[in-house]
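Here's the structure, in structure tokens; my notes come after.
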Amino acid sequence: MQDYDVIIIGGGAVGSAVARELTRYRLSVAVLEKESDVCTQTSGRNTGMLHAGFLYKPGSLKAQCAVEGNAEFDQVAKELDVPFKRTGKLIVGFSDEDRARLEYFIERGRQNGVPGMALIDRQRMDEIDPSAGGNFAIHCPSSGILDPFIYTIALAENAVKNGARYHLYTEVTGADRLDDGRHVLHTSRGDFACRWVVNSAGLNSAKVSDMLGIPGYVIQPVKGEYFVLDKKAGAFAKIPVYPAPTAKFTFDTHATPTVDGNVLVGPNSFNVEDGEDYSVRQSGMDGLQESGARMFKHMKREYYIRTFAGARPKHIDPATGEIQDFLIECRDDVPGVVNLVGIESPGLTSALPIARRVVGMIREREALVPNPGFDPVRHGIVRFHEASREEQARLVRENADYGEIVCRCETVTRAEIIAAIHNPLGVCTVNGIKVRTRASMGRCQGGYCETRITAMIREELDKAVTDVRLTNGNSYMFTGYVKGGGQA
Amino acid sequence: MKRTFTCIVCPNGCEIDAEYEGANVLSVTGNLCPKGKAYVTQELVDPRRTIASSIRVEGGTLPLTSVRLTSAIPKDRIFDVMKEINAQSVAAPTHIGDVVIRDVLGLGSDVIITKNVDRA
Amino acid sequence: MTHRQAVIVGGGPAGLAAALRLKEKGVSDILILEREKLLGGILRQCIHDGFGLTRFGESLSGPEYAQRFIDRVEEAGIESITDCTVLDVSADKVVTAVSRAHGLMQIQADAVLLTMGCRERTRGALATPGTRPAGIYTAGVAQNYINLQNIMVGKEIVILGSGDIGLIMARRMTLEGAHVKGVYEVQPYPSGLPRNIEQCLNDYGIPLHLSHTVVDIRGRERLTSVVVAQCDERFRPIPGTEEEIPCDTLILSVGLIPENELSLAATVALDPRTRGAFVDEHCQTSVPGIFAAGNVLHVHDLVDFVSLEAEALAAGAAEYLLTGSLPACPLEVKAGQGIGHVIPQHISGTRDFTLSLRVRQPMNSVSIVVRQGTQEVLRKKMRKALPAEMVQLPVKVARLTTTADMEVYVE
């Protein structure tokens, strides 16, 4: 049985941030992730927004963590080599009712310590982004956009660099205690023992909490659907544009440029029973087309390149149905457990602040010895597309694989694909390569590069054709050879 | 008897209305050329098709080379011929026009290579 | 930076034919840049026969058709670099390309020939609802796996869209042992050629369901089923007609899009009808010295026509290179009633040229009429006209005036 000081259940952004922060100390740390990669669920299925923190109740963990996470992100992005732009954000209004609500949020932002928010008129909006809908807006300069895949991957890779172990395809099915109080976690890949468990299971956090001996929490998955628009539309989108919040303080469909130059339109928002059902509905997309066009004047069918859905695990009070704050707890009656429940938006922004609170709770209960070898810096794959012509020429001279373009739409080279295939987490799915390199994220959606990427996965990892997976579980790409027995 | 045929001889794909008795074509309309009538006549007595497929290449720059038939075979023998093709493999290099199976199943058509594949 | 008379972007059928004709016309300094390891373009994976009937009077497979051009290109000593991707073409005709062997190259060209071909429309562009499991392929991707890589993509197949590649793949996969359960087409008529409906579907008992589409995709890991439904005349699914079809593979054959990213980089103006460049009768785009032909200009039905168009391009490009200019083409050619698009969009009125066009919907017993002002230039009677078929109309200068725009319409 593998034995660790700390096991984190769930390798999303928060679980990976916890792993990374724990490796600052002399601890053996493992992450158990039931899926094929670290960002296949909530952490990879969102807007990629670095929130400012004006939406949340003053004094709440959501407010504290978002403001804290926002303030430090320039440094974090630099340390972990995460694509990030501090774009600011517009929250636009059309009516007097909207205006009153926007003024309320400026005041709330002031209380939460969000810097620089101001109400601006249409003329000023046109200077910032003429494509934005609305008659007036809050301009919030501290908001930003980041690549949620790369951020999650970067946290995980940095954790691994500093000694953490990742166990993919490892689903926790039950938990027991040994006589000495240590935990035994039963998983789809055998048993694991540890002194501390951190429940960072996202959509399954209530279920895992129950397994660990803390029953009674309720997670309501709230699903949202999105459109991804072509970079041609992205040329018009300069800044995230959100509508004025609804009466329930939630945001309807927004239009957000991505760090790579696409536009995300969405999400809508509706309760579902099964948060891991990521299908999109026709009615949802019809609605997004209509509401998206109010936020973004270039919301057109010709720009569609993909749809996707995600789900936020909302922690609700079962009695009132009301949405609760983040729950971060370490209870004396259930020792050795740090429980994270209902980590939803702004979870990406809050990942490191939450992780520090988790570490703090453990440190209150045992002395932690600093890890002198801890290195906070992680280097990502050098992207040909982002290099200047001179740098590109140098890259090809130094490594001929940089001279072979595999993905035409996103200009991703063989060198980048090979680096991604040999990633530190051992992810070997087609989608894993995609989120690490952007290959097949462009307008042809893999029409040109997918056949090459699957061939490279087979060659580099010596895999049989029937062992190539698109993403999670048994998502096999191929059924075998056309002409039997030959080398495919 | 009357029936409408879609001629497959060329990309024009003429829709041919034919009147016939047994194998005897009485009239055809809609064909742009005489090949249309010949096609209908053939379809009535012995519909024939060509097929294309691939065979394994040993030691080549590609795992497969492509093949086709040099002339049409009876439609109901297509899958028999596929079995013959599936049993074949060749060593690289392969050359366009090389015969892989001469007179396949005695049907009067050769299976020929249609792609050059170099040695790896 | 090196210098070339003509740089050809793409060594598929259009690029190869253009290169040969350029050489014949006396242009000596030609470079073909091809992103694949071998010349031939998409024909390399089109192993079915039926190519070359017009050109060679024979029914060849794609690789054979391509090889005839490749052999001649090699004999003519025309230089090509394979495994080489063009990153940028500028409006002043600087071509930036990269390859393993040559590194980053910048080439100043006197003329740039855009022959990049087309790409397939994807599920994302259709926004088909449902999950995103493995087992969804565009027809061309499936064709690449099956015909080039010896990899089978699935066993129980549903095909959405009746484009020619989808029909061809229905037959290919059936021959290789898969079970193709049906082809679903949202339009009330097929988008592929009638002969392909006949010899790829009917011959193998594969049903074609017109006015149907896929309304849901199911399965979280591998595809488990699709839901199809009948559509009304505005392509909206009709409630109550849904049917779930178990399958492990969905093949999409829902349209081809000219691949014009480099054209846009070069500030070439595109026609929203074709999604390719606006060109004149010399295949010259809105940027002088930049030419386009083949599927990058408009999607063709037959490769024979691609070769012809590329040769027309080469004639124009050679004249441009050797004389320094081309006759102005101030007259506009408009796609009128019943016409989907027309190529070229500009003419001089002083030379013969060939009109290429497609009709908007299937029609019987119609005439395609070409007019300049009040003067009828040409009238072609057609017993049937299908959007699947490209219509080619040679126009003689004797019938033209230089004073009026041209309109093409269906009567």
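Ordering of the structure tokens sets the chain letters (A, B, ...); residue numbers start at 1 within each chain; ligands are numbered from 1 in the order shown.
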Give me the residues within 12 Å of Ser27 in chain B as a PyMOL selection string, counting only C-alpha atoms and dropping any in the same chain fewer than 5 places off. chain B and resi 1-4+16-21+36-38+40-41
Residues just named, written with C-alpha atoms as a short mmCIF file (atom, residue, chain, number, x, y, z; two decimals), in the first residue's frame:
```
data_model
loop_
_atom_site.label_atom_id
_atom_site.label_comp_id
_atom_site.auth_asym_id
_atom_site.auth_seq_id
_atom_site.Cartn_x
_atom_site.Cartn_y
_atom_site.Cartn_z
CA MET B 1 -41.30 -2.43 -67.55
CA LYS B 2 -40.06 1.08 -66.69
CA ARG B 3 -37.25 2.07 -64.41
CA THR B 4 -35.03 5.10 -63.80
CA ILE B 16 -32.02 7.63 -67.58
CA ASP B 17 -35.63 6.60 -67.93
CA ALA B 18 -35.64 3.17 -69.54
CA GLU B 19 -38.36 0.97 -70.88
CA TYR B 20 -37.46 -2.68 -71.19
CA GLU B 21 -38.71 -6.24 -71.41
CA GLY B 36 -25.99 5.50 -71.13
CA LYS B 37 -27.88 2.92 -73.14
CA ALA B 38 -24.99 0.48 -72.86
CA VAL B 40 -28.68 0.33 -68.78
CA THR B 41 -28.35 -2.80 -70.88
#
```
With 6 Å as the limit and counting only C-alpha atoms, what residues in chain C lie close to chain A? Please list them as JSON, numbers by chain. {"C": [98, 99, 100, 103, 104, 124, 125, 129, 130, 131, 134, 149, 150, 151, 152, 153, 154, 221, 222]}
As a ChimeraX atom specification, please: every residue in range 38-196 of chain A that a backbone DSSP assignment puts in strand (DSSP E). /A:49-50,84-85,89-93,118-121,136-140,144-146,165-167,172-177,183-187,190-196
May I have the residues from that selection written out with C-alpha atoms, as a PDB file, in the first residue's frame?
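That gives us selection-v9.pdb:
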```
ATOM      1  CA  MET A  49     -11.553  34.799 -15.635  1.00  0.00           C
ATOM      2  CA  LEU A  50      -9.330  36.299 -12.975  1.00  0.00           C
ATOM      3  CA  PHE A  84      -2.457  35.921 -18.519  1.00  0.00           C
ATOM      4  CA  LYS A  85      -3.670  39.392 -19.400  1.00  0.00           C
ATOM      5  CA  LYS A  89     -13.675  44.146 -17.362  1.00  0.00           C
ATOM      6  CA  LEU A  90     -16.840  45.993 -18.316  1.00  0.00           C
ATOM      7  CA  ILE A  91     -20.098  45.242 -16.543  1.00  0.00           C
ATOM      8  CA  VAL A  92     -22.632  46.888 -18.758  1.00  0.00           C
ATOM      9  CA  GLY A  93     -26.107  48.198 -18.114  1.00  0.00           C
ATOM     10  CA  ALA A 118     -15.682  53.360 -11.795  1.00  0.00           C
ATOM     11  CA  LEU A 119     -18.979  53.933 -13.552  1.00  0.00           C
ATOM     12  CA  ILE A 120     -18.338  55.073 -17.130  1.00  0.00           C
ATOM     13  CA  ASP A 121     -20.529  56.392 -19.949  1.00  0.00           C
ATOM     14  CA  PHE A 136     -23.059  52.571 -19.519  1.00  0.00           C
ATOM     15  CA  ALA A 137     -20.795  50.305 -17.528  1.00  0.00           C
ATOM     16  CA  ILE A 138     -18.638  49.627 -14.542  1.00  0.00           C
ATOM     17  CA  HIS A 139     -15.022  49.528 -15.591  1.00  0.00           C
ATOM     18  CA  CYS A 140     -13.096  47.249 -13.258  1.00  0.00           C
ATOM     19  CA  GLY A 144      -8.094  39.641 -16.105  1.00  0.00           C
ATOM     20  CA  ILE A 145      -8.130  36.581 -18.308  1.00  0.00           C
ATOM     21  CA  LEU A 146      -5.931  33.504 -18.043  1.00  0.00           C
ATOM     22  CA  ARG A 165       2.992  12.435  -7.021  1.00  0.00           C
ATOM     23  CA  TYR A 166      -0.044  12.434  -9.304  1.00  0.00           C
ATOM     24  CA  HIS A 167      -2.146   9.307  -9.691  1.00  0.00           C
ATOM     25  CA  VAL A 172     -11.621   7.158  -4.498  1.00  0.00           C
ATOM     26  CA  THR A 173     -14.452   4.760  -3.743  1.00  0.00           C
ATOM     27  CA  GLY A 174     -14.313   4.624   0.050  1.00  0.00           C
ATOM     28  CA  ALA A 175     -12.269   5.502   3.125  1.00  0.00           C
ATOM     29  CA  ASP A 176     -11.383   3.770   6.386  1.00  0.00           C
ATOM     30  CA  ARG A 177      -9.089   4.429   9.323  1.00  0.00           C
ATOM     31  CA  HIS A 183      -6.624   7.002   6.596  1.00  0.00           C
ATOM     32  CA  VAL A 184      -6.929   4.216   4.084  1.00  0.00           C
ATOM     33  CA  LEU A 185      -8.406   5.383   0.809  1.00  0.00           C
ATOM     34  CA  HIS A 186      -9.874   2.664  -1.377  1.00  0.00           C
ATOM     35  CA  THR A 187      -9.555   3.546  -5.038  1.00  0.00           C
ATOM     36  CA  GLY A 190      -5.779   0.000  -5.034  1.00  0.00           C
ATOM     37  CA  ASP A 191      -5.505   1.325  -1.495  1.00  0.00           C
ATOM     38  CA  PHE A 192      -3.561   4.363  -0.345  1.00  0.00           C
ATOM     39  CA  ALA A 193      -2.664   5.284   3.219  1.00  0.00           C
ATOM     40  CA  CYS A 194      -2.037   8.775   4.617  1.00  0.00           C
ATOM     41  CA  ARG A 195      -2.104  10.919   7.712  1.00  0.00           C
ATOM     42  CA  TRP A 196      -3.964  13.820   6.123  1.00  0.00           C
TER      43      TRP A 196
END
```
Based on only C-alpha atoms, which of the residues in chain B come within 12 Å of chain A? I want them as a list in words. Ser53, Ser54, Ile55, Arg56, Val57, Glu58, Gly59, Gly60, Thr61, Leu62, Pro63, Leu64, Thr65, Ser66, Met82, Lys83, Ile85, Asn86, Ala87, Gln88, Ser89, Val90 and Ala91 of chain B
What residues in chain C have any atom no more than 8 Å from chain B when counting only C-alpha atoms, and can you write them as a PDB file with N, CA and C atoms, in the first residue's frame?
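Output (part.pdb):
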```pdb
ATOM      1  N   ILE C  47      -8.370   7.171 -52.783  1.00  0.00           N
ATOM      2  CA  ILE C  47      -7.906   6.002 -53.544  1.00  0.00           C
ATOM      3  C   ILE C  47      -8.984   5.412 -54.445  1.00  0.00           C
ATOM      4  N   HIS C  48     -10.197   5.930 -54.371  1.00  0.00           N
ATOM      5  CA  HIS C  48     -11.268   5.445 -55.253  1.00  0.00           C
ATOM      6  C   HIS C  48     -10.990   5.901 -56.684  1.00  0.00           C
ATOM      7  N   ASP C  49     -11.669   5.286 -57.642  1.00  0.00           N
ATOM      8  CA  ASP C  49     -11.441   5.685 -59.031  1.00  0.00           C
ATOM      9  C   ASP C  49     -12.505   6.681 -59.485  1.00  0.00           C
ATOM     10  N   GLY C  50     -12.350   7.161 -60.697  1.00  0.00           N
ATOM     11  CA  GLY C  50     -13.287   8.147 -61.232  1.00  0.00           C
ATOM     12  C   GLY C  50     -12.624   9.485 -61.521  1.00  0.00           C
ATOM     13  N   LEU C  53     -11.452  11.362 -65.975  1.00  0.00           N
ATOM     14  CA  LEU C  53     -12.269  10.985 -67.133  1.00  0.00           C
ATOM     15  C   LEU C  53     -12.252  12.068 -68.201  1.00  0.00           C
ATOM     16  N   SER C  61      -7.481   6.384 -60.090  1.00  0.00           N
ATOM     17  CA  SER C  61      -7.582   6.700 -58.662  1.00  0.00           C
ATOM     18  C   SER C  61      -6.894   8.039 -58.428  1.00  0.00           C
ATOM     19  N   PRO C  63      -4.387   8.881 -56.342  1.00  0.00           N
ATOM     20  CA  PRO C  63      -2.919   8.848 -56.374  1.00  0.00           C
ATOM     21  C   PRO C  63      -2.356   8.727 -57.795  1.00  0.00           C
ATOM     22  N   GLU C  64      -3.046   7.992 -58.656  1.00  0.00           N
ATOM     23  CA  GLU C  64      -2.565   7.872 -60.045  1.00  0.00           C
ATOM     24  C   GLU C  64      -2.680   9.205 -60.781  1.00  0.00           C
ATOM     25  N   ASN C 147      -7.143   5.181 -45.272  1.00  0.00           N
ATOM     26  CA  ASN C 147      -6.424   4.959 -46.533  1.00  0.00           C
ATOM     27  C   ASN C 147      -4.917   5.215 -46.447  1.00  0.00           C
ATOM     28  N   LEU C 148      -4.492   6.035 -45.506  1.00  0.00           N
ATOM     29  CA  LEU C 148      -3.051   6.316 -45.401  1.00  0.00           C
ATOM     30  C   LEU C 148      -2.407   5.637 -44.198  1.00  0.00           C
ATOM     31  N   GLN C 149      -3.125   5.565 -43.093  1.00  0.00           N
ATOM     32  CA  GLN C 149      -2.494   5.078 -41.856  1.00  0.00           C
ATOM     33  C   GLN C 149      -2.882   3.646 -41.478  1.00  0.00           C
ATOM     34  N   ASN C 150      -3.771   3.023 -42.256  1.00  0.00           N
ATOM     35  CA  ASN C 150      -4.202   1.647 -41.954  1.00  0.00           C
ATOM     36  C   ASN C 150      -4.910   1.551 -40.607  1.00  0.00           C
ATOM     37  N   ARG C 172     -16.234   2.962 -48.732  1.00  0.00           N
ATOM     38  CA  ARG C 172     -14.920   2.489 -48.269  1.00  0.00           C
ATOM     39  C   ARG C 172     -15.059   1.692 -46.980  1.00  0.00           C
ATOM     40  N   LEU C 175     -16.760  -1.661 -47.493  1.00  0.00           N
ATOM     41  CA  LEU C 175     -15.836  -2.641 -48.084  1.00  0.00           C
ATOM     42  C   LEU C 175     -14.848  -3.168 -47.047  1.00  0.00           C
ATOM     43  N   LEU C 193     -22.732  13.969 -55.725  1.00  0.00           N
ATOM     44  CA  LEU C 193     -23.103  13.688 -57.111  1.00  0.00           C
ATOM     45  C   LEU C 193     -24.020  12.469 -57.198  1.00  0.00           C
ATOM     46  N   PRO C 194     -24.967  12.481 -58.146  1.00  0.00           N
ATOM     47  CA  PRO C 194     -25.908  11.357 -58.289  1.00  0.00           C
ATOM     48  C   PRO C 194     -25.194  10.006 -58.454  1.00  0.00           C
ATOM     49  N   ARG C 195     -24.090   9.975 -59.217  1.00  0.00           N
ATOM     50  CA  ARG C 195     -23.422   8.692 -59.422  1.00  0.00           C
ATOM     51  C   ARG C 195     -22.843   8.147 -58.116  1.00  0.00           C
ATOM     52  N   ASN C 196     -22.474   9.063 -57.192  1.00  0.00           N
ATOM     53  CA  ASN C 196     -21.984   8.579 -55.906  1.00  0.00           C
ATOM     54  C   ASN C 196     -23.105   8.067 -55.006  1.00  0.00           C
ATOM     55  N   GLU C 198     -25.599   6.538 -56.202  1.00  0.00           N
ATOM     56  CA  GLU C 198     -25.883   5.243 -56.806  1.00  0.00           C
ATOM     57  C   GLU C 198     -24.824   4.205 -56.425  1.00  0.00           C
ATOM     58  N   GLN C 199     -23.552   4.521 -56.683  1.00  0.00           N
ATOM     59  CA  GLN C 199     -22.537   3.476 -56.553  1.00  0.00           C
ATOM     60  C   GLN C 199     -21.934   3.366 -55.153  1.00  0.00           C
TER      61      GLN C 199
END
```
Neighbours of range 307-315 of chain C within 7 Å (only C-alpha atoms; same-chain residues fewer than 6 positions away dropped), as a short mmCIF file (atom, residue, chain, number, x, y, z; two decimals) with N, CA and C atoms, in the first residue's frame?
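Saved as out.cif:
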```cif
data_model
loop_
_atom_site.label_atom_id
_atom_site.label_comp_id
_atom_site.auth_asym_id
_atom_site.auth_seq_id
_atom_site.Cartn_x
_atom_site.Cartn_y
_atom_site.Cartn_z
N PRO C 13 -3.31 19.12 -56.58
CA PRO C 13 -3.61 19.14 -58.02
C PRO C 13 -3.55 20.54 -58.63
N ALA C 14 -4.02 21.55 -57.92
CA ALA C 14 -4.01 22.90 -58.49
C ALA C 14 -2.57 23.41 -58.62
N ALA C 17 -0.59 21.50 -61.46
CA ALA C 17 -1.00 21.88 -62.82
C ALA C 17 -0.55 23.29 -63.14
N ALA C 18 -0.64 24.18 -62.15
CA ALA C 18 -0.22 25.56 -62.37
C ALA C 18 1.28 25.62 -62.64
N ARG C 21 2.10 24.42 -66.25
CA ARG C 21 1.71 25.36 -67.29
C ARG C 21 2.57 26.62 -67.27
N LEU C 22 2.93 27.07 -66.05
CA LEU C 22 3.82 28.23 -65.93
C LEU C 22 5.13 27.96 -66.66
N HIS C 282 -8.14 36.17 -65.15
CA HIS C 282 -6.77 35.65 -65.09
C HIS C 282 -6.51 34.93 -63.77
N CYS C 283 -7.57 34.74 -62.95
CA CYS C 283 -7.44 34.18 -61.60
C CYS C 283 -6.61 35.07 -60.70
N PHE C 291 -2.46 35.25 -57.19
CA PHE C 291 -3.45 34.51 -57.98
C PHE C 291 -4.00 33.36 -57.14
N ALA C 293 -6.45 29.55 -57.47
CA ALA C 293 -7.23 28.60 -58.27
C ALA C 293 -7.40 27.30 -57.50
N GLY C 294 -8.37 26.51 -57.94
CA GLY C 294 -8.65 25.23 -57.30
C GLY C 294 -9.59 25.41 -56.12
#
```
What's the 9 Å shell around Gly108 in chain B, counting only C-alpha atoms, without same-chain residues fewer than 2 positions away, as a VMD selection string? chain B and resid 70 to 73 102 to 106 110
Give me the residues within 10 Å of Pro318 in chain A as a tab-separated table (two decimals) with C-alpha atoms, in the first residue's frame, counting only C-alpha atoms and dropping any in the same chain fewer than 4 places off.
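Printed below is around.tsv as written:
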```tsv
chain	number	residue	atom	x	y	z
A	216	GLY	CA	-24.70	16.34	5.42
A	217	TYR	CA	-23.33	18.74	2.83
A	218	VAL	CA	-25.26	19.30	-0.36
A	219	ILE	CA	-23.70	20.20	-3.69
A	220	GLN	CA	-25.97	21.57	-6.37
A	322	GLU	CA	-29.38	29.30	-0.51
A	323	ILE	CA	-25.89	29.27	-1.98
```
Could you pull out the helix (DSSP H, G or I) residues of range 159-357 of chain C, going by DSSP on the backbone, and write them as a ChimeraX atom specification? /C:164-175,194-204,261-265,294-296,303-323
Residues of the last selection are to be written out with C-alpha atoms, as an mmCIF file, in the first residue's frame.
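Final output, out16.cif:
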```cif
data_model
loop_
_atom_site.group_PDB
_atom_site.id
_atom_site.type_symbol
_atom_site.label_atom_id
_atom_site.label_comp_id
_atom_site.auth_asym_id
_atom_site.auth_seq_id
_atom_site.Cartn_x
_atom_site.Cartn_y
_atom_site.Cartn_z
ATOM 1 C CA ASP C 164 -19.146 13.343 -51.912
ATOM 2 C CA ILE C 165 -16.385 12.447 -49.443
ATOM 3 C CA GLY C 166 -18.995 11.145 -47.002
ATOM 4 C CA LEU C 167 -20.546 8.990 -49.734
ATOM 5 C CA ILE C 168 -17.145 7.701 -50.818
ATOM 6 C CA MET C 169 -16.324 6.875 -47.196
ATOM 7 C CA ALA C 170 -19.649 5.058 -46.746
ATOM 8 C CA ARG C 171 -18.530 2.655 -49.465
ATOM 9 C CA ARG C 172 -14.920 2.489 -48.269
ATOM 10 C CA MET C 173 -15.901 1.594 -44.725
ATOM 11 C CA THR C 174 -18.466 -0.941 -45.928
ATOM 12 C CA LEU C 175 -15.836 -2.641 -48.084
ATOM 13 C CA PRO C 194 -25.908 11.357 -58.289
ATOM 14 C CA ARG C 195 -23.422 8.692 -59.422
ATOM 15 C CA ASN C 196 -21.984 8.579 -55.906
ATOM 16 C CA ILE C 197 -25.449 8.138 -54.404
ATOM 17 C CA GLU C 198 -25.883 5.243 -56.806
ATOM 18 C CA GLN C 199 -22.537 3.476 -56.553
ATOM 19 C CA CYS C 200 -21.621 4.270 -52.928
ATOM 20 C CA LEU C 201 -24.993 4.027 -51.175
ATOM 21 C CA ASN C 202 -27.555 2.212 -53.329
ATOM 22 C CA ASP C 203 -25.109 -0.512 -54.384
ATOM 23 C CA TYR C 204 -24.494 -1.369 -50.733
ATOM 24 C CA GLU C 261 -6.055 32.125 -43.894
ATOM 25 C CA LEU C 262 -2.960 33.042 -45.925
ATOM 26 C CA SER C 263 -5.049 34.931 -48.482
ATOM 27 C CA LEU C 264 -6.472 37.050 -45.671
ATOM 28 C CA ALA C 265 -2.970 37.668 -44.346
ATOM 29 C CA GLY C 294 -8.645 25.230 -57.295
ATOM 30 C CA ASN C 295 -10.501 24.497 -54.080
ATOM 31 C CA VAL C 296 -8.988 27.507 -52.328
ATOM 32 C CA VAL C 303 -10.348 17.382 -59.875
ATOM 33 C CA ASP C 304 -10.258 17.609 -63.668
ATOM 34 C CA PHE C 305 -11.775 21.069 -63.380
ATOM 35 C CA VAL C 306 -9.269 22.019 -60.693
ATOM 36 C CA SER C 307 -6.448 21.231 -63.097
ATOM 37 C CA LEU C 308 -8.089 23.279 -65.862
ATOM 38 C CA GLU C 309 -8.642 26.249 -63.614
ATOM 39 C CA ALA C 310 -5.048 26.103 -62.361
ATOM 40 C CA GLU C 311 -3.835 26.129 -65.952
ATOM 41 C CA ALA C 312 -5.941 29.218 -66.647
ATOM 42 C CA LEU C 313 -4.335 30.759 -63.574
ATOM 43 C CA ALA C 314 -0.877 29.863 -64.866
ATOM 44 C CA ALA C 315 -1.606 31.486 -68.220
ATOM 45 C CA GLY C 316 -2.551 34.691 -66.405
ATOM 46 C CA ALA C 317 0.369 34.539 -63.999
ATOM 47 C CA ALA C 318 2.839 33.871 -66.834
ATOM 48 C CA GLU C 319 1.563 36.866 -68.763
ATOM 49 C CA TYR C 320 1.812 38.978 -65.619
ATOM 50 C CA LEU C 321 5.390 37.840 -65.027
ATOM 51 C CA LEU C 322 6.593 38.074 -68.599
ATOM 52 C CA THR C 323 4.898 41.313 -69.662
#
```
Which of C:Val228, C:Ala266, C:Leu208, C:Leu378 sits closest to Ser90 in chain C [using only C-alpha atoms]: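 Result for the nearest residue to Ser90 in chain C: C:Ala266.
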